[in-house]
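Shown next: work13.txt, containing compact mmCIF, C-alpha atoms.
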# COMPACT_ATOMS: atom_id res chain seq x y z
CA MET J 1 -5.52 -35.49 46.98
CA THR J 2 -2.72 -35.24 44.49
CA PRO J 3 -3.77 -34.78 40.84
CA GLU J 4 -3.45 -37.73 38.54
CA PRO J 5 -0.36 -37.49 36.37
CA ASP J 6 -0.81 -36.58 32.73
CA THR J 7 -0.35 -39.88 30.96
CA GLN J 8 -0.47 -38.43 27.46
CA THR J 9 2.79 -39.15 25.69
CA ALA J 10 4.68 -36.83 23.38
CA ASP J 11 3.85 -39.12 20.45
CA GLU J 12 0.13 -38.84 21.21
CA THR J 13 0.40 -35.05 21.37
CA ASP J 14 2.22 -34.99 18.03
CA ASP J 15 -0.35 -37.31 16.46
CA ARG J 16 -3.24 -35.13 17.63
CA HIS J 17 -1.53 -32.01 16.31
CA ALA J 18 -0.84 -33.68 12.95
CA SER J 19 -4.49 -34.74 12.67
CA LYS J 20 -5.69 -31.23 13.49
CA MET J 21 -3.36 -29.66 10.91
CA ALA J 22 -4.41 -32.22 8.27
CA LYS J 23 -8.06 -31.23 8.73
CA LYS J 24 -7.15 -27.55 8.56
CA LYS J 25 -5.13 -28.12 5.37
CA ALA J 26 -8.01 -30.02 3.75
CA ALA J 27 -10.41 -27.17 4.55
CA ARG J 28 -7.92 -24.61 3.26
CA ASP J 29 -7.29 -26.56 0.05
CA LYS J 30 -11.05 -26.73 -0.54
CA ILE J 31 -11.30 -22.95 -0.23
CA MET J 32 -8.26 -22.34 -2.45
CA ALA J 33 -9.71 -24.60 -5.17
CA THR J 34 -12.50 -22.06 -5.65
CA LYS J 35 -10.04 -19.15 -6.19
CA SER J 36 -8.75 -19.13 -9.74
CA GLY J 37 -9.32 -15.62 -11.07
CA GLU J 38 -6.83 -12.79 -11.33
CA LYS J 39 -7.43 -9.06 -11.79
CA GLY J 40 -5.73 -5.77 -11.29
CA LEU J 41 -6.61 -4.62 -7.79
CA ILE J 42 -7.43 -1.22 -6.34
CA ILE J 43 -5.64 -1.27 -3.00
CA VAL J 44 -6.02 1.35 -0.25
CA HIS J 45 -3.69 1.76 2.72
CA THR J 46 -5.12 4.22 5.22
CA GLY J 47 -5.44 4.89 8.96
CA ALA J 48 -3.56 6.85 11.61
CA GLY J 49 -0.89 4.22 12.18
CA LYS J 50 2.55 4.06 10.62
CA GLY J 51 3.22 1.72 7.71
CA LYS J 52 0.95 2.82 4.87
CA SER J 53 3.67 3.91 2.47
CA SER J 54 6.08 1.29 3.82
CA SER J 55 3.63 -1.47 2.90
CA ALA J 56 3.09 -0.01 -0.57
CA PHE J 57 6.83 0.11 -1.20
CA GLY J 58 7.06 -3.48 -0.02
CA MET J 59 4.67 -4.36 -2.85
CA ILE J 60 6.81 -2.40 -5.30
CA ILE J 61 9.88 -4.37 -4.19
CA ARG J 62 7.96 -7.59 -4.81
CA CYS J 63 7.16 -6.42 -8.34
CA VAL J 64 10.81 -5.53 -8.94
CA ALA J 65 11.90 -8.93 -7.60
CA HIS J 66 9.57 -10.62 -10.09
CA GLY J 67 10.85 -8.44 -12.92
CA PHE J 68 7.53 -6.60 -13.30
CA PRO J 69 7.70 -2.98 -14.51
CA CYS J 70 6.05 -0.61 -12.02
CA ALA J 71 5.88 3.04 -11.01
CA VAL J 72 5.52 5.38 -8.04
CA VAL J 73 4.00 8.84 -7.90
CA GLN J 74 4.56 10.73 -4.64
CA PHE J 75 1.97 13.43 -4.00
CA ILE J 76 3.30 14.95 -0.76
CA LYS J 77 6.78 13.73 0.09
CA GLY J 78 8.35 14.79 -3.17
CA ALA J 79 10.82 17.13 -1.50
CA TRP J 80 12.10 14.41 0.86
CA ASP J 81 15.29 12.45 0.24
CA THR J 82 13.83 9.06 1.18
CA GLY J 83 15.53 5.69 1.33
CA GLU J 84 12.99 4.08 -0.99
CA ARG J 85 13.53 6.81 -3.58
CA ARG J 86 17.30 6.36 -3.40
CA MET J 87 17.07 2.61 -3.78
CA LEU J 88 14.55 2.52 -6.61
CA THR J 89 16.11 5.30 -8.69
CA GLY J 90 19.67 4.22 -7.95
CA HIS J 91 19.36 0.47 -8.50
CA PHE J 92 16.07 -0.35 -10.22
CA ALA J 93 15.35 2.57 -12.52
CA ASP J 94 15.00 0.13 -15.42
CA LEU J 95 12.01 -1.52 -13.72
CA CYS J 96 10.49 1.19 -11.54
CA GLN J 97 9.68 4.73 -12.57
CA PHE J 98 9.74 7.16 -9.64
CA HIS J 99 8.01 10.53 -9.90
CA ALA J 100 8.26 12.83 -6.86
CA MET J 101 5.56 15.39 -7.63
CA GLY J 102 4.83 16.84 -4.19
CA GLU J 103 6.51 19.78 -2.51
CA GLY J 104 6.03 18.86 1.11
CA PHE J 105 3.22 18.89 3.63
CA THR J 106 0.57 21.58 3.41
CA TRP J 107 1.82 23.37 6.52
CA GLU J 108 5.25 23.67 4.88
CA THR J 109 4.16 25.19 1.57
CA GLN J 110 1.37 27.33 3.09
CA ASP J 111 0.15 27.97 -0.45
CA ARG J 112 -3.11 26.26 -1.40
CA ALA J 113 -2.95 27.20 -5.08
CA ARG J 114 0.55 25.79 -5.32
CA ASP J 115 -0.49 22.60 -3.52
CA ILE J 116 -3.43 22.14 -5.88
CA ALA J 117 -1.21 22.65 -8.91
CA ALA J 118 1.27 20.06 -7.63
CA ALA J 119 -1.52 17.57 -6.91
CA ARG J 120 -3.02 18.08 -10.38
CA ALA J 121 0.37 17.53 -11.99
CA GLY J 122 0.79 14.36 -9.93
CA TRP J 123 -2.63 13.09 -10.94
CA GLU J 124 -1.98 13.72 -14.64
CA LYS J 125 1.25 11.73 -14.37
CA ALA J 126 -0.57 9.02 -12.41
CA LYS J 127 -3.21 8.64 -15.13
CA GLU J 128 -0.53 8.41 -17.80
CA LEU J 129 1.26 5.66 -15.88
CA ILE J 130 -1.88 3.70 -15.01
CA LEU J 131 -2.90 3.64 -18.68
CA ASP J 132 0.49 2.16 -19.63
CA GLN J 133 -0.39 -1.52 -19.77
CA ASN J 134 3.29 -2.47 -19.58
CA LEU J 135 3.24 -1.49 -15.90
CA ARG J 136 2.07 -4.12 -13.44
CA MET J 137 1.63 -1.79 -10.44
CA VAL J 138 1.37 1.95 -9.82
CA VAL J 139 1.65 3.36 -6.29
CA LEU J 140 0.02 6.73 -5.62
CA ASP J 141 1.76 7.62 -2.38
CA GLU J 142 -0.13 10.00 -0.07
CA ILE J 143 -2.81 10.73 -2.67
CA ASN J 144 -5.39 10.41 0.11
CA ILE J 145 -4.04 13.62 1.64
CA ALA J 146 -4.55 15.46 -1.64
CA LEU J 147 -8.08 14.05 -1.80
CA ARG J 148 -8.79 14.91 1.84
CA TYR J 149 -8.03 18.60 1.23
CA ASP J 150 -9.96 18.56 -2.07
CA TYR J 151 -6.87 19.30 -4.12
CA LEU J 152 -8.23 16.57 -6.38
CA ASP J 153 -11.83 15.70 -7.20
CA ILE J 154 -12.66 12.33 -5.64
CA ALA J 155 -15.38 11.73 -8.26
CA GLU J 156 -12.84 12.16 -11.05
CA VAL J 157 -10.38 9.77 -9.40
CA VAL J 158 -13.06 7.13 -8.75
CA ASP J 159 -14.42 7.42 -12.29
CA PHE J 160 -10.97 7.01 -13.82
CA LEU J 161 -10.07 3.99 -11.69
CA THR J 162 -13.38 2.23 -12.36
CA ALA J 163 -13.74 3.08 -16.04
CA GLN J 164 -10.22 3.43 -17.46
CA LYS J 165 -7.76 1.43 -15.34
CA PRO J 166 -6.49 -1.54 -17.39
CA ALA J 167 -7.89 -4.85 -16.19
CA MET J 168 -4.60 -6.29 -14.94
CA THR J 169 -2.97 -3.17 -13.46
CA HIS J 170 -2.73 -2.90 -9.67
CA VAL J 171 -3.09 0.60 -8.21
CA VAL J 172 -2.13 1.27 -4.58
CA LEU J 173 -3.35 4.48 -2.93
CA THR J 174 -1.91 5.50 0.44
CA GLY J 175 -2.52 8.13 3.08
CA ARG J 176 -4.71 8.87 6.08
CA ASN J 177 -8.44 9.54 5.91
CA ALA J 178 -9.24 7.70 2.70
CA LYS J 179 -12.53 8.95 1.25
CA ASP J 180 -15.53 6.65 1.56
CA GLU J 181 -16.00 6.74 -2.21
CA LEU J 182 -12.50 5.32 -2.68
CA ILE J 183 -13.00 2.63 -0.05
CA ASP J 184 -16.25 1.62 -1.75
CA ILE J 185 -14.54 0.80 -5.08
CA ALA J 186 -11.39 -0.75 -3.59
CA ASP J 187 -10.72 -4.49 -3.72
CA LEU J 188 -8.40 -4.42 -0.71
CA VAL J 189 -8.45 -1.89 2.13
CA THR J 190 -6.10 -1.96 5.10
CA GLU J 191 -6.39 0.47 8.01
CA MET J 192 -3.21 0.96 10.00
CA THR J 193 -4.12 1.44 13.67
CA LEU J 194 -1.95 3.62 15.88
CA VAL J 195 -1.15 1.93 19.19
CA LYS J 196 2.12 3.62 20.13
CA HIS J 197 4.50 5.96 18.31
CA PRO J 198 7.92 7.32 19.38
CA PHE J 199 7.06 10.81 18.12
CA ARG J 200 4.75 11.21 21.10
CA SER J 201 7.73 10.53 23.36
CA GLY J 202 9.84 13.25 21.76
CA ILE J 203 11.64 11.08 19.19
CA LYS J 204 11.96 12.66 15.75
CA ALA J 205 11.52 10.87 12.42
CA GLN J 206 14.61 8.78 11.68
CA ALA J 207 16.26 7.56 8.51
CA GLY J 208 15.57 3.88 7.89
CA VAL J 209 12.36 3.96 9.95
CA GLU J 210 10.24 6.83 8.67
CA PHE J 211 12.08 7.72 5.45

Before we go any further, please render this structure as structure tokens.
Amino acid sequence: MTPEPDTQTADETDDRHASKMAKKKAARDKIMATKSGEKGLIIVHTGAGKGKSSSAFGMIIRCVAHGFPCAVVQFIKGAWDTGERRMLTGHFADLCQFHAMGEGFTWETQDRARDIAAARAGWEKAKELILDQNLRMVVLDEINIALRYDYLDIAEVVDFLTAQKPAMTHVVLTGRNAKDELIDIADLVTEMTLVKHPFRSGIKAQAGVEF
């Protein structure tokens, strides 16, 4: 037997789709009507996948586009000549402060005392910036690495963010292996999952992709 032909017309398909989307919009509008508050968020980008810093810098660009003053403190990549550093310091220095406080990855410096000193200096600058209520967002890039190696005291960082961060200031903390204590106090946590990376195929880090 041959199957019966599908007699549903294109107009009927469009009508059904429109009805489905109308119901979805009504449900969404109902949910959105309950969301009216604003607050400064603690945002954590962690995980083994690429994109943690990239996402944070995307947020900084949004702030710049809105004319919001913001700041970046880099805890590890300070020695790198990165594209985001060039752009922000070269074109948007009036809106975004950029402080490269790190001296490279731990296996490059090979000096724990020096790494700790650099991390402490970065944290002191970070606290100063976060307390500046003129700043809408402060990104602490790769601070999770400094916390992972205990260059900074996680209890001190958590206490400062929960007790002293201004109510409307967003703070973004990036880096692998975010401490549980930090995740517990965060408002937004995103874990980047590694599925595939060109480095494993012998491709080095490239300008415009990694830095």

Between CA of Gln164 (chain J) and CA of Ile145 (chain J), what is the distance, to one decimal in Å?
22.5 Å

Which value, in Å to one decimal, gives the distance between CA of Ala117 (chain J) and CA of Val44 (chain J)?
23.5 Å

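The nearest approach to Asp115 (chain J) among the residues J:Gly202, J:Gly40, J:Gly49, J:Gly102, with only C-alpha atoms taken into account, belongs to J:Gly102.
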
Work out how far apart CA of Lys23 (chain J) and CA of Asp11 (chain J) are and give it in Å to one decimal.
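Separating CA of Lys23 (chain J) from CA of Asp11 (chain J) is a distance of 18.5 Å.
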
Name the closest residue to His197 (chain J) among the candidates J:Val209, J:Ile130, J:Val172, J:Leu182; distances are taken between atoms, counting all atoms listed in the file.
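Comparing J:Val209, J:Ile130, J:Val172, J:Leu182 against His197 (chain J), the winner is J:Val209.
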
Set the distance at 9 Å and use only C-alpha atoms: which residues neighbour Gln74 (chain J) once local chain neighbours fewer than 5 positions away are removed? I'd like the list as a list in words.
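So the residues in contact are Phe98, His99, Ala100, Met101, Gly102, Gly122, Val139, Leu140, Asp141, Glu142 and Ile143 of chain J.
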
Among listed residues J:Ala56, J:Val195, J:Ala207, J:Leu147, nearest Gly83 (chain J) (using only C-alpha atoms)
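Of the candidates, the smallest distance to Gly83 (chain J) is held by J:Ala207.
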
Please work out which residues fall within 12 Å of (-6.2, -3.1, -4.7), coordinates as given in the file, with all atoms listed in the file counting, and return them as an mmCIF file with C-alpha atoms, in the frame of the given file.
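Output contents, as saved in part23.cif:
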data_model
loop_
_atom_site.group_PDB
_atom_site.id
_atom_site.type_symbol
_atom_site.label_atom_id
_atom_site.label_comp_id
_atom_site.auth_asym_id
_atom_site.auth_seq_id
_atom_site.Cartn_x
_atom_site.Cartn_y
_atom_site.Cartn_z
ATOM 1 C CA GLU J 38 -6.830 -12.790 -11.330
ATOM 2 C CA LYS J 39 -7.430 -9.060 -11.790
ATOM 3 C CA GLY J 40 -5.730 -5.770 -11.290
ATOM 4 C CA LEU J 41 -6.610 -4.620 -7.790
ATOM 5 C CA ILE J 42 -7.430 -1.220 -6.340
ATOM 6 C CA ILE J 43 -5.640 -1.270 -3.000
ATOM 7 C CA VAL J 44 -6.020 1.350 -0.250
ATOM 8 C CA HIS J 45 -3.690 1.760 2.720
ATOM 9 C CA ALA J 56 3.090 -0.010 -0.570
ATOM 10 C CA MET J 59 4.670 -4.360 -2.850
ATOM 11 C CA MET J 137 1.630 -1.790 -10.440
ATOM 12 C CA VAL J 138 1.370 1.950 -9.820
ATOM 13 C CA VAL J 139 1.650 3.360 -6.290
ATOM 14 C CA LEU J 140 0.020 6.730 -5.620
ATOM 15 C CA LEU J 161 -10.070 3.990 -11.690
ATOM 16 C CA THR J 162 -13.380 2.230 -12.360
ATOM 17 C CA LYS J 165 -7.760 1.430 -15.340
ATOM 18 C CA ALA J 167 -7.890 -4.850 -16.190
ATOM 19 C CA MET J 168 -4.600 -6.290 -14.940
ATOM 20 C CA THR J 169 -2.970 -3.170 -13.460
ATOM 21 C CA HIS J 170 -2.730 -2.900 -9.670
ATOM 22 C CA VAL J 171 -3.090 0.600 -8.210
ATOM 23 C CA VAL J 172 -2.130 1.270 -4.580
ATOM 24 C CA LEU J 173 -3.350 4.480 -2.930
ATOM 25 C CA THR J 174 -1.910 5.500 0.440
ATOM 26 C CA LEU J 182 -12.500 5.320 -2.680
ATOM 27 C CA ILE J 183 -13.000 2.630 -0.050
ATOM 28 C CA ASP J 184 -16.250 1.620 -1.750
ATOM 29 C CA ILE J 185 -14.540 0.800 -5.080
ATOM 30 C CA ALA J 186 -11.390 -0.750 -3.590
ATOM 31 C CA ASP J 187 -10.720 -4.490 -3.720
ATOM 32 C CA LEU J 188 -8.400 -4.420 -0.710
ATOM 33 C CA VAL J 189 -8.450 -1.890 2.130
ATOM 34 C CA THR J 190 -6.100 -1.960 5.100
#

Using all atoms listed in the file: which of J:Lys77, J:Arg176, J:Arg28, J:Arg112 has the shortest distance to Asp150 (chain J)
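Of the candidates, the smallest distance to Asp150 (chain J) is held by J:Arg112.
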
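Distance check against Gly208 (chain J) using all atoms listed in the file: of J:Met87, J:Ala119, J:Ala113, J:Leu131, the minimum falls on J:Met87.
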
Give the centre and edge lengths of an axis-aligned box, in Å to one decimal, that holds all listed atoms of region 163-174 of chain J with 6 Å on each side, as lines of an AutoDock Vina configuration file.
center_x = -7.8
center_y = -0.4
center_z = -8.5
size_x = 23.8
size_y = 23.8
size_z = 29.9

I want to know what sits within 10 Å of Ile60 (chain J), based on only C-alpha atoms, with residues of the same chain fewer than 6 positions away left out; could you give that as number ranges by chain?
J: 54, 66, 68-72, 84, 88, 95-96, 136-139, 172

Which residue, J:Val73, J:Asn134, J:Lys50, J:Lys125, has the smallest gap to Phe199 (chain J) when you use only C-alpha atoms?
J:Lys50

Output requested as a PDB file, keeping the file's coordinate frame - region 66-102 of chain J, filled out with N, CA and C atoms.
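The new file result01.pdb reads:
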ATOM      1  N   HIS J  66      10.138  -9.756  -9.063  1.00  0.00           N
ATOM      2  CA  HIS J  66       9.570 -10.620 -10.090  1.00  0.00           C
ATOM      3  C   HIS J  66       9.878 -10.134 -11.507  1.00  0.00           C
ATOM      4  N   GLY J  67      10.539  -8.987 -11.609  1.00  0.00           N
ATOM      5  CA  GLY J  67      10.850  -8.440 -12.920  1.00  0.00           C
ATOM      6  C   GLY J  67       9.689  -7.715 -13.570  1.00  0.00           C
ATOM      7  N   PHE J  68       8.702  -7.289 -12.765  1.00  0.00           N
ATOM      8  CA  PHE J  68       7.530  -6.600 -13.300  1.00  0.00           C
ATOM      9  C   PHE J  68       7.795  -5.090 -13.347  1.00  0.00           C
ATOM     10  N   PRO J  69       7.598  -4.444 -14.464  1.00  0.00           N
ATOM     11  CA  PRO J  69       7.700  -2.980 -14.510  1.00  0.00           C
ATOM     12  C   PRO J  69       6.623  -2.341 -13.630  1.00  0.00           C
ATOM     13  N   CYS J  70       6.982  -1.269 -12.939  1.00  0.00           N
ATOM     14  CA  CYS J  70       6.050  -0.610 -12.020  1.00  0.00           C
ATOM     15  C   CYS J  70       6.415   0.860 -11.914  1.00  0.00           C
ATOM     16  N   ALA J  71       5.642   1.600 -11.127  1.00  0.00           N
ATOM     17  CA  ALA J  71       5.880   3.040 -11.010  1.00  0.00           C
ATOM     18  C   ALA J  71       5.352   3.561  -9.691  1.00  0.00           C
ATOM     19  N   VAL J  72       5.927   4.687  -9.255  1.00  0.00           N
ATOM     20  CA  VAL J  72       5.520   5.380  -8.040  1.00  0.00           C
ATOM     21  C   VAL J  72       5.311   6.854  -8.354  1.00  0.00           C
ATOM     22  N   VAL J  73       4.207   7.398  -7.863  1.00  0.00           N
ATOM     23  CA  VAL J  73       4.000   8.840  -7.900  1.00  0.00           C
ATOM     24  C   VAL J  73       3.824   9.296  -6.454  1.00  0.00           C
ATOM     25  N   GLN J  74       4.682  10.200  -6.007  1.00  0.00           N
ATOM     26  CA  GLN J  74       4.560  10.730  -4.640  1.00  0.00           C
ATOM     27  C   GLN J  74       3.885  12.091  -4.687  1.00  0.00           C
ATOM     28  N   PHE J  75       2.773  12.216  -3.954  1.00  0.00           N
ATOM     29  CA  PHE J  75       1.970  13.430  -4.000  1.00  0.00           C
ATOM     30  C   PHE J  75       2.379  14.453  -2.942  1.00  0.00           C
ATOM     31  N   ILE J  76       2.982  14.030  -1.853  1.00  0.00           N
ATOM     32  CA  ILE J  76       3.300  14.950  -0.760  1.00  0.00           C
ATOM     33  C   ILE J  76       4.788  14.987  -0.456  1.00  0.00           C
ATOM     34  N   LYS J  77       5.398  13.820  -0.379  1.00  0.00           N
ATOM     35  CA  LYS J  77       6.780  13.730   0.090  1.00  0.00           C
ATOM     36  C   LYS J  77       7.828  13.992  -0.985  1.00  0.00           C
ATOM     37  N   GLY J  78       7.431  14.626  -2.059  1.00  0.00           N
ATOM     38  CA  GLY J  78       8.350  14.790  -3.170  1.00  0.00           C
ATOM     39  C   GLY J  78       9.651  15.490  -2.826  1.00  0.00           C
ATOM     40  N   ALA J  79       9.618  16.382  -1.847  1.00  0.00           N
ATOM     41  CA  ALA J  79      10.820  17.130  -1.500  1.00  0.00           C
ATOM     42  C   ALA J  79      11.762  16.333  -0.596  1.00  0.00           C
ATOM     43  N   TRP J  80      11.293  15.187  -0.083  1.00  0.00           N
ATOM     44  CA  TRP J  80      12.100  14.410   0.860  1.00  0.00           C
ATOM     45  C   TRP J  80      13.110  13.537   0.127  1.00  0.00           C
ATOM     46  N   ASP J  81      14.281  13.394   0.727  1.00  0.00           N
ATOM     47  CA  ASP J  81      15.290  12.450   0.240  1.00  0.00           C
ATOM     48  C   ASP J  81      15.078  11.147   1.004  1.00  0.00           C
ATOM     49  N   THR J  82      14.217  10.282   0.468  1.00  0.00           N
ATOM     50  CA  THR J  82      13.830   9.060   1.180  1.00  0.00           C
ATOM     51  C   THR J  82      14.680   7.872   0.744  1.00  0.00           C
ATOM     52  N   GLY J  83      14.764   6.893   1.636  1.00  0.00           N
ATOM     53  CA  GLY J  83      15.530   5.690   1.330  1.00  0.00           C
ATOM     54  C   GLY J  83      14.949   4.923   0.162  1.00  0.00           C
ATOM     55  N   GLU J  84      13.606   4.828   0.109  1.00  0.00           N
ATOM     56  CA  GLU J  84      12.990   4.080  -0.990  1.00  0.00           C
ATOM     57  C   GLU J  84      13.243   4.765  -2.330  1.00  0.00           C
ATOM     58  N   ARG J  85      13.232   6.081  -2.341  1.00  0.00           N
ATOM     59  CA  ARG J  85      13.530   6.810  -3.580  1.00  0.00           C
ATOM     60  C   ARG J  85      14.959   6.568  -4.017  1.00  0.00           C
ATOM     61  N   ARG J  86      15.894   6.625  -3.085  1.00  0.00           N
ATOM     62  CA  ARG J  86      17.300   6.360  -3.400  1.00  0.00           C
ATOM     63  C   ARG J  86      17.490   4.977  -3.991  1.00  0.00           C
ATOM     64  N   MET J  87      16.884   3.984  -3.348  1.00  0.00           N
ATOM     65  CA  MET J  87      17.070   2.610  -3.780  1.00  0.00           C
ATOM     66  C   MET J  87      16.480   2.361  -5.167  1.00  0.00           C
ATOM     67  N   LEU J  88      15.233   2.805  -5.357  1.00  0.00           N
ATOM     68  CA  LEU J  88      14.550   2.520  -6.610  1.00  0.00           C
ATOM     69  C   LEU J  88      15.166   3.272  -7.783  1.00  0.00           C
ATOM     70  N   THR J  89      15.518   4.532  -7.592  1.00  0.00           N
ATOM     71  CA  THR J  89      16.110   5.300  -8.690  1.00  0.00           C
ATOM     72  C   THR J  89      17.572   4.934  -8.901  1.00  0.00           C
ATOM     73  N   GLY J  90      18.247   4.526  -7.831  1.00  0.00           N
ATOM     74  CA  GLY J  90      19.670   4.220  -7.950  1.00  0.00           C
ATOM     75  C   GLY J  90      19.978   2.818  -8.432  1.00  0.00           C
ATOM     76  N   HIS J  91      19.066   1.871  -8.178  1.00  0.00           N
ATOM     77  CA  HIS J  91      19.360   0.470  -8.500  1.00  0.00           C
ATOM     78  C   HIS J  91      18.330  -0.199  -9.418  1.00  0.00           C
ATOM     79  N   PHE J  92      17.117   0.333  -9.465  1.00  0.00           N
ATOM     80  CA  PHE J  92      16.070  -0.350 -10.220  1.00  0.00           C
ATOM     81  C   PHE J  92      15.316   0.581 -11.160  1.00  0.00           C
ATOM     82  N   ALA J  93      16.003   1.605 -11.645  1.00  0.00           N
ATOM     83  CA  ALA J  93      15.350   2.570 -12.520  1.00  0.00           C
ATOM     84  C   ALA J  93      14.855   1.939 -13.823  1.00  0.00           C
ATOM     85  N   ASP J  94      15.434   0.805 -14.193  1.00  0.00           N
ATOM     86  CA  ASP J  94      15.000   0.130 -15.420  1.00  0.00           C
ATOM     87  C   ASP J  94      13.643  -0.549 -15.241  1.00  0.00           C
ATOM     88  N   LEU J  95      13.279  -0.846 -13.997  1.00  0.00           N
ATOM     89  CA  LEU J  95      12.010  -1.520 -13.720  1.00  0.00           C
ATOM     90  C   LEU J  95      10.974  -0.626 -13.051  1.00  0.00           C
ATOM     91  N   CYS J  96      11.425   0.370 -12.303  1.00  0.00           N
ATOM     92  CA  CYS J  96      10.490   1.190 -11.540  1.00  0.00           C
ATOM     93  C   CYS J  96      10.689   2.677 -11.830  1.00  0.00           C
ATOM     94  N   GLN J  97       9.672   3.288 -12.403  1.00  0.00           N
ATOM     95  CA  GLN J  97       9.680   4.730 -12.570  1.00  0.00           C
ATOM     96  C   GLN J  97       9.324   5.394 -11.245  1.00  0.00           C
ATOM     97  N   PHE J  98       9.998   6.474 -10.913  1.00  0.00           N
ATOM     98  CA  PHE J  98       9.740   7.160  -9.640  1.00  0.00           C
ATOM     99  C   PHE J  98       9.540   8.639  -9.924  1.00  0.00           C
ATOM    100  N   HIS J  99       8.344   9.137  -9.623  1.00  0.00           N
ATOM    101  CA  HIS J  99       8.010  10.530  -9.900  1.00  0.00           C
ATOM    102  C   HIS J  99       7.629  11.226  -8.591  1.00  0.00           C
ATOM    103  N   ALA J 100       8.516  12.075  -8.090  1.00  0.00           N
ATOM    104  CA  ALA J 100       8.260  12.830  -6.860  1.00  0.00           C
ATOM    105  C   ALA J 100       7.626  14.163  -7.253  1.00  0.00           C
ATOM    106  N   MET J 101       6.305  14.245  -7.134  1.00  0.00           N
ATOM    107  CA  MET J 101       5.560  15.390  -7.630  1.00  0.00           C
ATOM    108  C   MET J 101       5.174  16.384  -6.540  1.00  0.00           C
ATOM    109  N   GLY J 102       5.233  15.959  -5.292  1.00  0.00           N
ATOM    110  CA  GLY J 102       4.830  16.840  -4.190  1.00  0.00           C
ATOM    111  C   GLY J 102       5.923  17.802  -3.804  1.00  0.00           C
TER     112      GLY J 102
END
